[in-house]
file work.cif (mmCIF, C-alpha atoms)
data_structure
loop_
_atom_site.label_atom_id
_atom_site.label_comp_id
_atom_site.auth_asym_id
_atom_site.auth_seq_id
_atom_site.Cartn_x
_atom_site.Cartn_y
_atom_site.Cartn_z
CA MET A 198 5.21 14.72 -12.49
CA ARG A 199 2.62 12.07 -11.59
CA THR A 200 -0.29 13.07 -9.41
CA ALA A 201 -2.60 11.03 -7.22
CA PRO A 202 -6.13 10.59 -8.57
CA PRO A 203 -8.74 12.78 -6.89
CA LEU A 204 -11.09 10.92 -4.54
CA LEU A 205 -14.50 12.36 -3.65
CA THR A 206 -16.55 11.69 -0.54
CA GLU A 207 -19.72 13.31 0.72
CA ARG A 208 -17.87 16.31 2.17
CA LEU A 209 -14.27 15.95 1.01
CA LEU A 210 -12.00 16.09 -1.99
CA LEU A 211 -8.78 14.11 -1.57
CA ARG A 212 -6.20 15.29 -4.08
CA SER A 213 -2.47 15.48 -4.68
CA LEU A 214 -0.49 17.80 -2.45
CA THR A 215 0.64 21.06 -4.06
CA LEU A 216 3.17 23.70 -3.03
CA GLU A 217 0.22 26.00 -2.31
CA ASP A 218 -0.62 23.66 0.61
CA ALA A 219 2.69 24.40 2.37
CA PRO A 220 1.47 27.31 4.57
CA ASP A 221 -1.58 25.31 5.70
CA ILE A 222 0.54 22.24 6.38
CA GLN A 223 2.99 24.27 8.43
CA ARG A 224 0.20 26.00 10.38
CA LEU A 225 -1.91 22.90 11.08
CA ALA A 226 0.88 20.33 11.53
CA GLY A 227 2.79 22.86 13.61
CA GLU A 228 0.34 22.50 16.49
CA TYR A 229 1.86 20.42 19.26
CA GLY A 230 -1.39 18.43 19.65
CA VAL A 231 -1.14 17.24 16.04
CA ALA A 232 2.60 16.53 16.10
CA ALA A 233 2.27 14.56 19.35
CA THR A 234 0.00 12.00 17.68
CA LEU A 235 2.38 11.17 14.81
CA CYS A 236 5.61 9.18 14.67
CA TYR A 237 7.58 11.40 12.34
CA MET A 238 6.00 14.84 12.68
CA PRO A 239 8.59 17.32 13.98
CA HIS A 240 7.76 20.02 16.49
CA PRO A 241 8.30 22.88 16.08
CA TYR A 242 7.38 22.69 12.40
CA GLU A 243 9.79 25.18 10.86
CA ASP A 244 9.88 27.02 7.54
CA GLY A 245 10.73 24.73 4.63
CA MET A 246 9.67 21.52 6.38
CA ALA A 247 6.35 21.31 4.55
CA GLU A 248 8.03 21.65 1.17
CA GLU A 249 10.64 19.05 2.15
CA TRP A 250 7.90 16.64 3.29
CA MET A 251 5.96 17.15 0.04
CA ARG A 252 9.12 16.42 -1.99
CA SER A 253 9.57 13.16 -0.08
CA CYS A 254 5.90 12.29 -0.72
CA SER A 255 6.40 12.91 -4.44
CA GLU A 256 9.52 10.71 -4.51
CA LYS A 257 7.70 7.87 -2.73
CA PHE A 258 4.85 8.17 -5.24
CA GLU A 259 7.24 8.13 -8.22
CA HIS A 260 8.71 4.86 -6.89
CA ASP A 261 5.29 3.32 -6.08
CA LYS A 262 6.06 3.35 -2.36
CA ALA A 263 3.17 5.56 -1.20
CA LEU A 264 0.22 7.69 -2.20
CA ASN A 265 -0.33 10.93 -0.27
CA PHE A 266 -3.46 13.01 -0.47
CA ALA A 267 -4.35 16.46 0.77
CA ILE A 268 -7.65 16.27 2.65
CA THR A 269 -9.71 19.27 1.58
CA GLN A 270 -13.29 20.33 2.13
CA LYS A 271 -15.26 19.80 -1.05
CA THR A 272 -17.16 23.09 -0.77
CA ASP A 273 -14.20 25.48 -0.80
CA GLN A 274 -11.16 23.16 -1.16
CA SER A 275 -9.70 24.39 2.12
CA PHE A 276 -6.85 22.17 3.30
CA ILE A 277 -7.62 20.37 6.58
CA GLY A 278 -5.11 17.50 6.76
CA ALA A 279 -3.33 14.71 4.93
CA ILE A 280 -3.64 10.97 4.46
CA GLU A 281 -1.17 8.44 3.12
CA ILE A 282 -1.16 4.82 2.15
CA ARG A 283 2.34 3.34 2.15
CA LEU A 284 2.66 0.45 -0.28
CA ASP A 285 4.52 -2.84 -0.30
CA PRO A 286 3.77 -4.16 -3.80
CA GLU A 287 5.72 -7.35 -3.17
CA ILE A 288 3.12 -8.58 -0.68
CA GLU A 289 0.25 -6.39 -1.94
CA ASP A 290 0.00 -4.66 1.44
CA GLY A 291 -0.70 -1.08 2.45
CA GLU A 292 -0.26 0.93 5.64
CA LEU A 293 -2.58 3.84 6.34
CA GLY A 294 -1.49 7.03 8.09
CA PHE A 295 -3.36 10.32 8.55
CA TRP A 296 -3.61 13.59 10.40
CA ILE A 297 -6.21 16.34 10.64
CA GLY A 298 -5.68 19.93 11.80
CA LYS A 299 -6.92 20.57 15.32
CA PRO A 300 -9.76 22.95 14.28
CA TYR A 301 -11.29 20.02 12.35
CA TRP A 302 -11.06 17.34 15.05
CA GLY A 303 -14.26 15.59 16.01
CA CYS A 304 -16.07 16.26 12.71
CA GLY A 305 -15.69 12.79 11.16
CA TYR A 306 -13.40 14.04 8.38
CA CYS A 307 -10.65 11.54 9.14
CA THR A 308 -13.05 8.60 9.04
CA GLU A 309 -14.48 9.83 5.74
CA ALA A 310 -11.02 10.24 4.20
CA ALA A 311 -9.80 6.89 5.53
CA GLU A 312 -12.83 5.07 4.07
CA ALA A 313 -12.08 6.54 0.64
CA VAL A 314 -8.38 5.66 0.71
CA VAL A 315 -9.05 2.13 1.95
CA ALA A 316 -11.60 1.68 -0.86
CA TYR A 317 -9.04 2.94 -3.38
CA GLY A 318 -6.44 0.58 -1.94
CA PHE A 319 -8.64 -2.47 -2.31
CA GLU A 320 -10.64 -1.60 -5.44
CA VAL A 321 -8.01 0.10 -7.60
CA LEU A 322 -4.60 -0.85 -6.21
CA LYS A 323 -5.83 -4.42 -5.62
CA LEU A 324 -4.19 -4.70 -2.21
CA LYS A 325 -4.79 -7.84 -0.17
CA ARG A 326 -4.37 -6.20 3.25
CA ILE A 327 -4.28 -2.71 4.78
CA CYS A 328 -3.03 -2.01 8.28
CA ALA A 329 -2.56 1.02 10.53
CA TYR A 330 -1.00 1.84 13.88
CA HIS A 331 -1.64 4.51 16.46
CA PHE A 332 0.00 5.52 19.72
CA GLN A 333 -1.68 3.91 22.71
CA ASN A 334 -2.77 7.31 24.04
CA ASN A 335 -4.27 8.43 20.69
CA LEU A 336 -7.73 6.94 21.16
CA ALA A 337 -9.31 9.11 18.43
CA SER A 338 -7.21 7.43 15.73
CA GLY A 339 -8.17 4.04 17.13
CA ARG A 340 -11.85 4.96 16.83
CA VAL A 341 -11.33 6.00 13.19
CA LEU A 342 -9.77 2.61 12.42
CA GLN A 343 -12.60 0.77 14.15
CA LYS A 344 -15.26 2.82 12.33
CA ILE A 345 -13.81 1.95 8.93
CA GLY A 346 -13.96 -1.74 9.77
CA MET A 347 -10.40 -2.53 10.77
CA ARG A 348 -9.85 -5.19 13.42
CA TYR A 349 -7.60 -4.94 16.43
CA GLU A 350 -4.42 -6.91 15.75
CA GLY A 351 -2.28 -6.25 18.77
CA TYR A 352 -0.49 -4.15 21.30
CA LEU A 353 3.10 -3.29 20.43
CA GLU A 354 5.08 -2.35 23.50
CA LYS A 355 7.77 0.33 23.01
CA PHE A 356 7.19 0.02 19.25
CA VAL A 357 8.37 3.41 18.01
CA GLN A 358 10.78 6.12 19.13
CA LYS A 359 9.20 9.56 19.55
CA ARG A 360 11.08 12.48 21.07
CA ASN A 361 13.72 10.34 22.77
CA GLN A 362 11.29 7.89 24.34
CA CYS A 363 9.71 4.67 23.17
CA GLU A 364 5.95 4.75 22.63
CA ASP A 365 3.50 1.87 22.77
CA SER A 366 1.36 1.38 19.68
CA ILE A 367 -1.85 -0.40 18.79
CA GLY A 368 -2.15 -2.23 15.46
CA TYR A 369 -5.25 -2.66 13.32
CA GLY A 370 -5.76 -4.39 9.99
CA MET A 371 -8.24 -5.33 7.31
CA LEU A 372 -8.13 -8.00 4.64
CA LYS A 373 -9.70 -7.56 1.22
CA ALA A 374 -12.30 -10.18 2.24
CA ASP A 375 -13.22 -8.03 5.28
CA TYR A 376 -13.66 -5.01 3.02
CA ASP A 377 -15.76 -7.00 0.52
CA SER A 378 -18.08 -8.20 3.30
CA GLN A 379 -18.94 -4.63 4.42
CA ASP A 380 -22.41 -3.32 3.67
CA PRO A 381 -22.24 -1.53 0.27
CA LYS A 382 -24.44 1.28 1.67
CA ASN A 383 -21.53 2.22 3.93
CA LYS A 384 -19.21 2.82 0.97
CA LYS A 385 -19.88 6.51 0.25
CA HIS A 386 -17.03 7.42 -2.08
CA GLU A 387 -16.39 7.93 -5.75
CA ILE A 388 -13.44 6.17 -7.36
#
call {"tool": "encode", "arguments": {"input": "work.cif", "output": "structure tokens"}}
result
Amino acid sequence: MRTAPPLLTERLLLRSLTLEDAPDIQRLAGEYGVAATLCYMPHPYEDGMAEEWMRSCSEKFEHDKALNFAITQKTDQSFIGAIEIRLDPEIEDGELGFWIGKPYWGCGYCTEAAEAVVAYGFEVLKLKRICAYHFQNNLASGRVLQKIGMRYEGYLEKFVQKRNQCEDSIGYGMLKADYDSQDPKNKKHEI
């Protein structure tokens, strides 16, 4: 089975998901506050769902449709969240998605992980554009996207169905040229 390459940041190790992550995924993703911020995160998060999700991540990776990483703390490799870049090789485009367990909110981990995955997308995967979306009421995700240099692209009214209601979303994007123009001192990752 193929595995995603490990990515290192100042405080994090991003690595392939493993079955050993399942209990942490279920515990952290099972919090309503986490599930409420994501399009496809079920709540309650029942037994077996983490393993099923990891199988789908592996299948997408095998077919070059996405790369999923466990976000772990570098010091003790404790699992704190996940990040994905969905791929459209035909147009050399990627879409970023992420979540962090509630105990780790507000620590800058998501920004750090997103910077590393965006760098990998542009430097290794040779993408031309990376985009991301967040629910209108999820301002923290919007701040992450702004901090990594993405630009506001638009407001999408009733863009996605979540728990039997349509949610508004905000879109952000970055071109390879935008990434290349960033100050190299701000690129604190190892690829």
call {"tool": "atom_distance", "arguments": {"input": "work.cif", "atom1": "CA of Phe258 (chain A)", "atom2": "CA of Leu293 (chain A)"}}
result
14.4 Å
call {"tool": "resolve_selection", "arguments": {"input": "work.cif", "expression": "the PyMOL selection byres ((chain A and resi 372-376) around 12)", "output": "JSON, numbers by chain"}}
result
{"A": [289, 290, 291, 292, 312, 313, 315, 316, 317, 318, 319, 320, 321, 322, 323, 324, 325, 326, 327, 328, 345, 346, 347, 348, 350, 369, 370, 371, 377, 378, 379, 380, 381, 383, 384]}
call {"tool": "write_last_selection", "arguments": {"input": "work.cif", "atoms": "C-alpha atoms", "output": "short mmCIF file (atom, residue, chain, number, x, y, z; two decimals), keeping the file's coordinate frame"}}
result
data_model
loop_
_atom_site.label_atom_id
_atom_site.label_comp_id
_atom_site.auth_asym_id
_atom_site.auth_seq_id
_atom_site.Cartn_x
_atom_site.Cartn_y
_atom_site.Cartn_z
CA GLU A 289 0.25 -6.39 -1.94
CA ASP A 290 0.00 -4.66 1.44
CA GLY A 291 -0.70 -1.08 2.45
CA GLU A 292 -0.26 0.93 5.64
CA GLU A 312 -12.83 5.07 4.07
CA ALA A 313 -12.08 6.54 0.64
CA VAL A 315 -9.05 2.13 1.95
CA ALA A 316 -11.60 1.68 -0.86
CA TYR A 317 -9.04 2.94 -3.38
CA GLY A 318 -6.44 0.58 -1.94
CA PHE A 319 -8.64 -2.47 -2.31
CA GLU A 320 -10.64 -1.60 -5.44
CA VAL A 321 -8.01 0.10 -7.60
CA LEU A 322 -4.60 -0.85 -6.21
CA LYS A 323 -5.83 -4.42 -5.62
CA LEU A 324 -4.19 -4.70 -2.21
CA LYS A 325 -4.79 -7.84 -0.17
CA ARG A 326 -4.37 -6.20 3.25
CA ILE A 327 -4.28 -2.71 4.78
CA CYS A 328 -3.03 -2.01 8.28
CA ILE A 345 -13.81 1.95 8.93
CA GLY A 346 -13.96 -1.74 9.77
CA MET A 347 -10.40 -2.53 10.77
CA ARG A 348 -9.85 -5.19 13.42
CA GLU A 350 -4.42 -6.91 15.75
CA TYR A 369 -5.25 -2.66 13.32
CA GLY A 370 -5.76 -4.39 9.99
CA MET A 371 -8.24 -5.33 7.31
CA ASP A 377 -15.76 -7.00 0.52
CA SER A 378 -18.08 -8.20 3.30
CA GLN A 379 -18.94 -4.63 4.42
CA ASP A 380 -22.41 -3.32 3.67
CA PRO A 381 -22.24 -1.53 0.27
CA ASN A 383 -21.53 2.22 3.93
CA LYS A 384 -19.21 2.82 0.97
#
call {"tool": "closest_residue", "arguments": {"input": "work.cif", "among": "A:Arg283, A:Thr234, A:Ile277, A:Phe295", "to": "Leu336 (chain A)", "atoms": "only C-alpha atoms"}}
result
A:Thr234
call {"tool": "atom_distance", "arguments": {"input": "work.cif", "atom1": "CA of Ala279 (chain A)", "atom2": "CA of Ser366 (chain A)"}}
result
20.4 Å
call {"tool": "residues_around", "arguments": {"input": "work.cif", "residues": "region 254-256 of chain A", "least_positions_apart": "4", "cutoff": "9 Å", "atoms": "only C-alpha atoms", "output": "MDAnalysis selection string"}}
result
chainID A and resid 198:200 214 249:250 260:265 281
call {"tool": "atom_distance", "arguments": {"input": "work.cif", "atom1": "CA of Met251 (chain A)", "atom2": "CA of Lys344 (chain A)"}}
result
28.4 Å
call {"tool": "resolve_selection", "arguments": {"input": "work.cif", "expression": "the PyMOL selection byres ((chain A and resi 217) around 12)", "output": "PyMOL selection string"}}
result
chain A and resi 213-216+218-223+247-248+251+267+274-276
call {"tool": "closest_residue", "arguments": {"input": "work.cif", "among": "A:Met238, A:Ala337, A:Leu204, A:Leu342", "to": "Val314 (chain A)", "atoms": "only C-alpha atoms"}}
result
A:Leu204
call {"tool": "closest_residue", "arguments": {"input": "work.cif", "among": "A:Arg208, A:Arg252, A:Lys299, A:His331", "to": "Thr269 (chain A)", "atoms": "all atoms listed in the file"}}
result
A:Arg208
call {"tool": "residues_around", "arguments": {"input": "work.cif", "residues": "Val231 (chain A)", "least_positions_apart": "5", "cutoff": "8 Å", "atoms": "all atoms listed in the file", "output": "PyMOL selection string"}}
result
chain A and resi 225-226+296-299
call {"tool": "closest_residue", "arguments": {"input": "work.cif", "among": "A:Leu209, A:Ile288, A:Met246, A:Ile367", "to": "Glu309 (chain A)", "atoms": "only C-alpha atoms"}}
result
A:Leu209
call {"tool": "closest_residue", "arguments": {"input": "work.cif", "among": "A:Gln333, A:Ser338, A:Gln270, A:Thr308", "to": "Arg212 (chain A)", "atoms": "only C-alpha atoms"}}
result
A:Gln270
call {"tool": "residues_around", "arguments": {"input": "work.cif", "residues": "Pro241 (chain A)", "least_positions_apart": "2", "cutoff": "7 Å", "atoms": "only C-alpha atoms", "output": "PyMOL selection string"}}
result
chain A and resi 227+239+243
call {"tool": "decode", "arguments": {"input": "work.cif", "residues": "region 371-383 of chain A", "atoms": "N, CA and C atoms", "output": "JSON list (two decimals), in the first residue's frame"}}
result
[["chain", "number", "residue", "atom", "x", "y", "z"],
["A", 371, "MET", "N", -5.23, 30.23, -4.22],
["A", 371, "MET", "CA", -3.85, 30.68, -4.39],
["A", 371, "MET", "C", -3.31, 30.06, -5.67],
["A", 372, "LEU", "N", -2.68, 30.90, -6.47],
["A", 372, "LEU", "CA", -2.00, 30.41, -7.67],
["A", 372, "LEU", "C", -0.55, 30.11, -7.33],
["A", 373, "LYS", "N", 0.09, 29.31, -8.16],
["A", 373, "LYS", "CA", 1.51, 29.00, -7.97],
["A", 373, "LYS", "C", 2.32, 30.30, -7.93],
["A", 374, "ALA", "N", 1.98, 31.26, -8.77],
["A", 374, "ALA", "CA", 2.71, 32.55, -8.78],
["A", 374, "ALA", "C", 2.57, 33.27, -7.45],
["A", 375, "ASP", "N", 1.38, 33.18, -6.81],
["A", 375, "ASP", "CA", 1.18, 33.78, -5.49],
["A", 375, "ASP", "C", 2.11, 33.12, -4.47],
["A", 376, "TYR", "N", 2.15, 31.80, -4.52],
["A", 376, "TYR", "CA", 3.01, 31.05, -3.61],
["A", 376, "TYR", "C", 4.48, 31.44, -3.82],
["A", 377, "ASP", "N", 4.91, 31.49, -5.08],
["A", 377, "ASP", "CA", 6.31, 31.81, -5.39],
["A", 377, "ASP", "C", 6.69, 33.21, -4.92],
["A", 378, "SER", "N", 5.73, 34.13, -4.86],
["A", 378, "SER", "CA", 6.04, 35.50, -4.48],
["A", 378, "SER", "C", 6.09, 35.70, -2.96],
["A", 379, "GLN", "N", 5.73, 34.67, -2.18],
["A", 379, "GLN", "CA", 5.79, 34.78, -0.72],
["A", 379, "GLN", "C", 7.24, 34.85, -0.26],
["A", 380, "ASP", "N", 7.44, 35.52, 0.86],
["A", 380, "ASP", "CA", 8.77, 35.65, 1.46],
["A", 380, "ASP", "C", 9.28, 34.25, 1.84],
["A", 381, "PRO", "N", 10.46, 33.85, 1.33],
["A", 381, "PRO", "CA", 10.99, 32.51, 1.64],
["A", 381, "PRO", "C", 11.18, 32.27, 3.14],
["A", 382, "LYS", "N", 11.36, 33.32, 3.93],
["A", 382, "LYS", "CA", 11.51, 33.15, 5.38],
["A", 382, "LYS", "C", 10.25, 32.62, 6.03],
["A", 383, "ASN", "N", 9.12, 32.80, 5.34],
["A", 383, "ASN", "CA", 7.84, 32.33, 5.89],
["A", 383, "ASN", "C", 7.58, 30.85, 5.58]]
